[in-house]
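> Can you read through this structure? Questions will come right after.
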Amino acid sequence: MKCISFIAAFVAIFYGLFKVCAKTYIFDPVNVNRICNDVIARHTNTTTQEQTRELFIDIRDSLAEFYSDKHINLYDDSKWMFNNAGGAMGQMLILHASLHEYLIIFGTATGTEGHTGVHTSDDYFTIIKGEQWAAYENEFVREVYTPGMTHHLKKGHVKQYAMPPESFAVELAQGFIPGMLPFGFADGIFSTLDVKTLYKTVVITASDMIKRCASALF
Ligand SMILES: CC(C)=CCC[C@@H](C)[C@H]1CC[C@H]2C3=C(CC[C@]12C)[C@@]1(C)CC[C@H](O)C[C@@H]1CC3
């Protein structure tokens with residue numbers, strides 16, 4: 001009984017904050033796609049670690065130039081973190097996280113495959129290097145997304161997806177973000193037990209969300 005009250009209170013607090021802090025979206029998926037395409041066109045060779053890092057820094061700087069430094073975090077190598085979710089493993093860098101939208105660079109050096117999860121947000125996944133493959137159940141030919149293309153996973157939809165080695169994307173999610181977090185943390189809590197990564201993810205996500213909520217309120 002106590003546990004149910006605790007969960008209900010937790011959801012109510014997040015939902016209340018979501019309602020208070022959520023104004024209009026800052027990011028526009030079409031515009032994020034355009035910015036990514038402009039940057040991709042400037043980076044014809046992204047074979048090495050340094051060339052790939054330069055691509056990511058240009059993505060971050062170009063997004064900040066359009067949306068301002070106030071909304072896009074600084075590029076910091078130490079802020080990359082692993083994420084295990086839906087059986088897939090990748091790494092991400094949070095550029096912006098609030099209760100109603102987040103923008104991250106997500107990808108994998110070794111390749112990965114898994115379940116997308118069922119989300120309370122629309123998800124726009126713009127490939128900036130490599131590829132993403134996806135398929136609904138009863139779909140026997142995969143969808144292929146290459147650099148510059150955006151894969152829109154609609155709220156509540158489910159697919160199987162894969163990313164071959166050295167594939168990265170800019171991911172924009174818009175909707176009720178707290179509803180996505182249990183999926184983002186479950187594999188860490190119940191499978192990998194990588195406490196250090198979990199701690200890093202919670203600290204960076206929570207501090208960004210509090211910062212964004214405070215700036216929306218005041
Ligand atoms: C950024 C914050 C604050 C936390 C999000 C943690 C997770 C919920 C996400 C981290 C990587 C995300 C990916 C997806 C869903 C949400 C995450 C697990 C997708 C499966 C969504 C559909 C896309 O086509 C592929 C995404 C891969 C990364």
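Naming scheme: A, B, ... for chains in displayed order of the structure tokens; residues 1 onward per chain; ligands 1 onward as shown.
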At a cut-off of 7 Å and counting only C-alpha atoms and all ligand atoms, what residues surround ligand 1? Please answer as number ranges by chain.
A: 83, 85, 92, 94, 97, 102-104, 106, 115-117, 123, 125, 151-153, 161, 180-181, 183-185, 205
> Using only C-alpha atoms, which residues of stretch 68-177 of chain A come within 7 Å of stretch 188-200 of chain A, and what is the closest atom pair for each, with the distance in Å to one decimal? Give it as JSON lines, sorted by chain and residue number.

{"residue": "A:Met81", "atom": "CA", "partner": "A:Thr197", "partner_atom": "CA", "distance": 6.6}
{"residue": "A:Phe82", "atom": "CA", "partner": "A:Thr197", "partner_atom": "CA", "distance": 6.6}
{"residue": "A:Asn84", "atom": "CA", "partner": "A:Gly188", "partner_atom": "CA", "distance": 6.2}
> A:His96, A:Ile128, A:Lys154, A:Gln174: which is nearest A:Ala206, counting only C-alpha atoms?
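Ranking A:His96, A:Ile128, A:Lys154, A:Gln174 by distance to A:Ala206, first place goes to A:His96.
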> So that I can see what lies close to A:Asn37, please list as a PDB file with N, CA and C atoms, in the first residue's frame the residues with an atom at most 9 Å from it, counting only C-alpha atoms and leaving out residues fewer than 5 positions away in the same chain.

ATOM      1  N   VAL A  32      15.948  20.915 -36.863  1.00  0.00           N
ATOM      2  CA  VAL A  32      17.085  20.116 -36.370  1.00  0.00           C
ATOM      3  C   VAL A  32      17.635  19.268 -37.521  1.00  0.00           C
ATOM      4  N   ARG A  42      29.539  19.527 -44.468  1.00  0.00           N
ATOM      5  CA  ARG A  42      30.878  20.102 -44.222  1.00  0.00           C
ATOM      6  C   ARG A  42      31.886  19.038 -43.783  1.00  0.00           C
ATOM      7  N   ILE A 128      23.665  11.035 -38.315  1.00  0.00           N
ATOM      8  CA  ILE A 128      24.743  11.952 -38.724  1.00  0.00           C
ATOM      9  C   ILE A 128      25.982  11.184 -39.182  1.00  0.00           C
ATOM     10  N   PRO A 147      22.862   8.980 -43.366  1.00  0.00           N
ATOM     11  CA  PRO A 147      23.125  10.342 -42.894  1.00  0.00           C
ATOM     12  C   PRO A 147      22.222  11.399 -43.533  1.00  0.00           C
ATOM     13  N   GLY A 148      21.617  12.217 -42.658  1.00  0.00           N
ATOM     14  CA  GLY A 148      20.731  13.283 -43.118  1.00  0.00           C
ATOM     15  C   GLY A 148      19.265  12.894 -43.040  1.00  0.00           C
ATOM     16  N   MET A 149      18.984  11.582 -42.891  1.00  0.00           N
ATOM     17  CA  MET A 149      17.581  11.140 -42.823  1.00  0.00           C
ATOM     18  C   MET A 149      17.119  11.086 -41.367  1.00  0.00           C
TER      19      MET A 149
END
> Please, what distance in Å, to one decimal, runs between atom CA of A:Gln49 and atom CA of A:Leu95?
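Pair atom CA of A:Gln49 / atom CA of A:Leu95 returns 19.9 Å.
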> Name the closest residue to A:Met163 among the candidates A:Ile177, A:Ala109, A:Ala41, A:Ile210; distances are taken between atoms, counting only C-alpha atoms.
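Of A:Ile177, A:Ala109, A:Ala41, A:Ile210, the one nearest A:Met163 is A:Ala109, counting only C-alpha atoms.
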> Would you pick out the contacts of A:Trp133 at 12 Å or less, using only C-alpha atoms, so that residues sharing its chain but fewer than 6 positions from it are not included, and give the list as an NGL selection string?
:A and (111-116 or 125 or 127 or 141-146 or 149-151 or 159-164 or 167)
> Return the single residue from A:Ala169, A:Ala64, A:Val202, A:Leu217 that is closest to A:Asn33, with distances computed using only C-alpha atoms.
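Going through A:Ala169, A:Ala64, A:Val202, A:Leu217 one by one, the smallest distance to A:Asn33 is for A:Ala169.
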> With only C-alpha atoms as the atoms that count, which of A:Ala173, A:Leu99, A:Leu93, A:Ile105 lies nearest to A:Lys79?
A:Leu93
> Please run DSSP on the backbone and report, as an MDAnalysis selection string, all residues within stretch 83-201 of chain A that come out as helix (DSSP H, G or I).
chainID A and resid 177:179 181:192 195:201
> Here is a test: counting only C-alpha atoms, which residue of A:Thr108, A:Thr47, A:Ile204, A:His100 is nearest to A:Asp76?
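For A:Asp76, the nearest of the given residues is A:Ile204.
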> Using the chain letters and numbers from this document, which residues of chain A does DSSP assign to strand (DSSP E or B), as JSON, numbers by chain?
{"A": [81, 82, 83, 84, 85, 88, 89, 90, 91, 92, 93, 94, 95, 96, 97, 101, 102, 103, 104, 105, 106, 107, 108, 112, 113, 114, 115, 121, 122, 123, 124, 125, 126, 127, 128, 129, 132, 133, 134, 135, 143, 144, 145, 150, 151, 152, 153, 160, 161, 162, 163, 167, 168, 169, 170, 171, 172, 173, 174, 175]}
> Counting only C-alpha atoms, which of A:Phe176, A:Phe168, A:Phe140, A:Phe218 gets nearest to A:Gly90?
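That would be A:Phe168, the residue with the smallest distance to A:Gly90.
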> What's the 12 Å shell around A:Thr48, counting only C-alpha atoms, without same-chain residues fewer than 5 positions away, as a ChimeraX atom specification?
/A:43,53-55,109,129,166
> Could you turn the residues from that selection into a file that holds all heavy atoms, as a PDB file, in the first residue's frame?

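Final output, saved to again_28.pdb:
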ATOM      1  N   HIS A  43      31.418  17.813 -43.464  1.00  0.00           N
ATOM      2  CA  HIS A  43      32.325  16.772 -42.937  1.00  0.00           C
ATOM      3  C   HIS A  43      32.272  15.547 -43.839  1.00  0.00           C
ATOM      4  O   HIS A  43      31.535  14.595 -43.574  1.00  0.00           O
ATOM      5  CB  HIS A  43      31.926  16.399 -41.503  1.00  0.00           C
ATOM      6  CG  HIS A  43      32.078  17.525 -40.539  1.00  0.00           C
ATOM      7  ND1 HIS A  43      33.131  17.636 -39.662  1.00  0.00           N
ATOM      8  CD2 HIS A  43      31.312  18.637 -40.346  1.00  0.00           C
ATOM      9  CE1 HIS A  43      33.004  18.760 -38.961  1.00  0.00           C
ATOM     10  NE2 HIS A  43      31.907  19.380 -39.358  1.00  0.00           N
ATOM     11  N   ARG A  53      34.791  13.379 -33.758  1.00  0.00           N
ATOM     12  CA  ARG A  53      34.624  14.355 -32.657  1.00  0.00           C
ATOM     13  C   ARG A  53      34.364  15.755 -33.240  1.00  0.00           C
ATOM     14  O   ARG A  53      33.518  16.505 -32.738  1.00  0.00           O
ATOM     15  CB  ARG A  53      35.882  14.331 -31.793  1.00  0.00           C
ATOM     16  CG  ARG A  53      35.780  15.153 -30.540  1.00  0.00           C
ATOM     17  CD  ARG A  53      36.974  14.902 -29.628  1.00  0.00           C
ATOM     18  NE  ARG A  53      36.969  15.850 -28.536  1.00  0.00           N
ATOM     19  CZ  ARG A  53      37.523  17.056 -28.593  1.00  0.00           C
ATOM     20  NH1 ARG A  53      38.139  17.458 -29.688  1.00  0.00           N
ATOM     21  NH2 ARG A  53      37.462  17.865 -27.545  1.00  0.00           N
ATOM     22  N   GLU A  54      35.102  16.102 -34.325  1.00  0.00           N
ATOM     23  CA  GLU A  54      34.888  17.421 -34.962  1.00  0.00           C
ATOM     24  C   GLU A  54      33.468  17.542 -35.507  1.00  0.00           C
ATOM     25  O   GLU A  54      32.848  18.601 -35.422  1.00  0.00           O
ATOM     26  CB  GLU A  54      35.909  17.638 -36.097  1.00  0.00           C
ATOM     27  CG  GLU A  54      37.271  18.090 -35.576  1.00  0.00           C
ATOM     28  CD  GLU A  54      38.375  17.939 -36.613  1.00  0.00           C
ATOM     29  OE1 GLU A  54      38.058  17.766 -37.812  1.00  0.00           O
ATOM     30  OE2 GLU A  54      39.559  17.978 -36.212  1.00  0.00           O
ATOM     31  N   LEU A  55      32.944  16.437 -36.057  1.00  0.00           N
ATOM     32  CA  LEU A  55      31.549  16.433 -36.542  1.00  0.00           C
ATOM     33  C   LEU A  55      30.594  16.727 -35.376  1.00  0.00           C
ATOM     34  O   LEU A  55      29.693  17.569 -35.494  1.00  0.00           O
ATOM     35  CB  LEU A  55      31.223  15.062 -37.159  1.00  0.00           C
ATOM     36  CG  LEU A  55      29.746  14.761 -37.454  1.00  0.00           C
ATOM     37  CD1 LEU A  55      29.284  15.495 -38.722  1.00  0.00           C
ATOM     38  CD2 LEU A  55      29.498  13.254 -37.640  1.00  0.00           C
ATOM     39  N   ALA A 109      30.012   2.725 -31.251  1.00  0.00           N
ATOM     40  CA  ALA A 109      31.228   2.450 -32.017  1.00  0.00           C
ATOM     41  C   ALA A 109      31.247   0.996 -32.482  1.00  0.00           C
ATOM     42  O   ALA A 109      31.807   0.668 -33.528  1.00  0.00           O
ATOM     43  CB  ALA A 109      32.453   2.744 -31.153  1.00  0.00           C
ATOM     44  N   LYS A 129      26.064   9.907 -38.817  1.00  0.00           N
ATOM     45  CA  LYS A 129      27.156   9.049 -39.291  1.00  0.00           C
ATOM     46  C   LYS A 129      26.674   7.602 -39.259  1.00  0.00           C
ATOM     47  O   LYS A 129      25.996   7.210 -38.300  1.00  0.00           O
ATOM     48  CB  LYS A 129      28.383   9.237 -38.384  1.00  0.00           C
ATOM     49  CG  LYS A 129      29.530   8.314 -38.721  1.00  0.00           C
ATOM     50  CD  LYS A 129      30.765   8.529 -37.873  1.00  0.00           C
ATOM     51  CE  LYS A 129      31.771   7.433 -38.220  1.00  0.00           C
ATOM     52  NZ  LYS A 129      33.082   7.623 -37.668  1.00  0.00           N
ATOM     53  N   GLU A 166      29.957   2.176 -35.633  1.00  0.00           N
ATOM     54  CA  GLU A 166      30.301   3.565 -35.948  1.00  0.00           C
ATOM     55  C   GLU A 166      29.112   4.342 -36.532  1.00  0.00           C
ATOM     56  O   GLU A 166      29.249   5.040 -37.533  1.00  0.00           O
ATOM     57  CB  GLU A 166      31.544   3.619 -36.846  1.00  0.00           C
ATOM     58  CG  GLU A 166      32.749   3.050 -36.107  1.00  0.00           C
ATOM     59  CD  GLU A 166      34.010   2.921 -36.947  1.00  0.00           C
ATOM     60  OE1 GLU A 166      34.077   3.537 -38.015  1.00  0.00           O
ATOM     61  OE2 GLU A 166      34.914   2.189 -36.504  1.00  0.00           O
TER      62      GLU A 166
END
> Report, in Å to a single decimal, how far apart atom CA of A:Gly86 and atom CA of A:Arg34 are.
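A separation of 29.0 Å between them.
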